[in-house]
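As structure tokens, the structure follows; a few thoughts come after it.
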Amino acid sequence: MRLTVDGQSFDIDADPDMPLLWALRDLIGKTGPKFGCGIAACGACTVHVDGQPVRSCSLPVGQVSGAVTTIEGIGTAGRLHPVQQAWLEEQVAQCGYCQAGQIMSAVALLDEVADPSDADIDNAMGGNLCRCGTYPRIRSAIKKAAALKTAGL
Ligand code: FES
Ligand code: FES
């Protein structure tokens with residue numbers, strides 16, 4: 001089957017029931033999305049399908065009909081996505097394990113809501129768990145990223 005990931009097309013030989021996360025990590029080599037719980041409960045594996053955040057550990061690859069974007073496709077070292085830039089400036093990450101998923105949920109939120117309230121952030125980010133407890137810095141970074149985006153950075 002053919003999968004578009006981070007703007008590139010891949011031919012993969014996968015059982016349609018294989019979780020998208022397995023296809024991304026094991027067949028395509030996109031190891032940015034992480035395996036946490038495997039049951040759509042932690043958000044570590046979050047990627048986008050046509051811009052919508054999905055839990056790739058629980059989505060069969062055969063059901064993916066749109067373009068997939070991973071943490072590896074949203075910015076480059078020379079030109080970070082505003083959310084990545086804000087994450088760095090606020091020094092959000094601790095162990096880092098949950099952060100690819102957190103960033104992908106935050107990117108999707110800011111694509112929908114340019115200036116999110118605390119409630120918007122709680123709604124959008126509630127499914128992304130962080131055992132290191134970086135939640136206050138995540139909230140600050142989302143607000144900073146919103147400002148960076150509005151300023152066109
Ligand atoms: S690994 Fe997918 S939600 Fe936890
Ligand atoms: S930074 Fe460690 S789990 Fe979130």
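Going through the structure tokens in order, the chains are called A, B, and so on, while each chain numbers its residues from 1 and the ligands are numbered from 1 in the order shown.
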
**OP:** Enumerate as a ChimeraX atom specification the residues within 7 Å of ligand 1, counting only C-alpha atoms and all ligand atoms.
**Re:** /A:34-46,55-58

Within 9 Å of region 102-113 of chain A, which residues of region 64-84 of chain A show up? Give each one with its shortest atom-to-atom distance in Å (one decimal) and the two atoms involved, counting only C-alpha atoms, rows by chain then rising residue number, as a tab-separated table.
residue	atom	partner	partner_atom	distance
A:Thr69	CA	A:Met104	CA	8.9
A:Thr70	CA	A:Met104	CA	7.5
A:Ile71	CA	A:Met104	CA	6.4
A:Ile74	CA	A:Met104	CA	8.7
A:His81	CA	A:Val107	CA	8.7
A:Pro82	CA	A:Val107	CA	8.7
A:Val83	CA	A:Val107	CA	6.5
A:Gln84	CA	A:Ile103	CA	7.2

Dump as a JSON list (two decimals), in the first residue's frame, selection limited to N, CA and C atoms:
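Dumped everything to result.json:
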[["chain", "number", "residue", "atom", "x", "y", "z"],
["A", 69, "THR", "N", 1.36, 13.44, 8.81],
["A", 69, "THR", "CA", 2.45, 14.32, 9.20],
["A", 69, "THR", "C", 2.94, 13.90, 10.57],
["A", 70, "THR", "N", 4.24, 13.72, 10.70],
["A", 70, "THR", "CA", 4.83, 13.37, 11.99],
["A", 70, "THR", "C", 5.61, 14.58, 12.51],
["A", 71, "ILE", "N", 6.12, 14.45, 13.71],
["A", 71, "ILE", "CA", 6.96, 15.49, 14.30],
["A", 71, "ILE", "C", 8.15, 15.81, 13.39],
["A", 74, "ILE", "N", 7.23, 18.78, 10.53],
["A", 74, "ILE", "CA", 6.62, 20.10, 10.78],
["A", 74, "ILE", "C", 7.63, 21.26, 10.76],
["A", 81, "HIS", "N", 9.28, 24.96, 13.45],
["A", 81, "HIS", "CA", 7.87, 25.35, 13.54],
["A", 81, "HIS", "C", 7.74, 26.26, 14.78],
["A", 82, "PRO", "N", 6.84, 27.25, 14.76],
["A", 82, "PRO", "CA", 6.68, 28.13, 15.93],
["A", 82, "PRO", "C", 6.46, 27.35, 17.23],
["A", 83, "VAL", "N", 5.77, 26.22, 17.15],
["A", 83, "VAL", "CA", 5.56, 25.43, 18.38],
["A", 83, "VAL", "C", 6.89, 24.85, 18.86],
["A", 84, "GLN", "N", 7.71, 24.37, 17.95],
["A", 84, "GLN", "CA", 9.03, 23.86, 18.34],
["A", 84, "GLN", "C", 9.88, 24.98, 18.93]]

Original post:
Do you know which residues are within 6 Å of ligand 2 using only C-alpha atoms and all ligand atoms? Can you write them as number ranges by chain?
Top reply: A: 93-99, 130-132

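Closest approach to Asp15 (chain A) among A:Leu3, A:Val61, A:Val92, A:Val47: A:Val61, based on only C-alpha atoms.
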
**OP:** Have a look at CA of Val68 (chain A) and CA of Lys30 (chain A) and let me know their distance in Å, one decimal.
**Re:** 11.2 Å

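Rounded to one decimal, CA of Leu59 (chain A) and CA of Ala145 (chain A) lie 28.5 Å from each other.
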
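Nearest to Lys149 (chain A) of all the residues A:Asp115, A:Glu72, A:Asp17, A:Asp11 is A:Asp115, based on only C-alpha atoms.
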
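Taking the backbone of this structure through DSSP, the residues of region 53-149 of chain A that come out as strand (DSSP E or B) are Pro53, Val54, Arg55, Pro60, Val68 and Thr69 of chain A.
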
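For the pair CA of Pro60 (chain A) and CA of Met18 (chain A), the separation is 5.3 Å.
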
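Inside region 14-82 of chain A, the residues DSSP reads as alpha helix (DSSP H) when given the backbone are Leu20, Leu21, Trp22 and Pro82 of chain A.
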
Would you write out those residues with C-alpha atoms, as a PDB file, in the first residue's frame?
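Here's the written file result-v6.pdb:
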ATOM      1  CA  LEU A  20      -0.010   3.193  11.752  1.00  0.00           C
ATOM      2  CA  LEU A  21       2.666   3.721  14.420  1.00  0.00           C
ATOM      3  CA  TRP A  22       4.309   0.386  13.568  1.00  0.00           C
ATOM      4  CA  PRO A  82       6.677  28.127  15.932  1.00  0.00           C
TER       5      PRO A  82
END
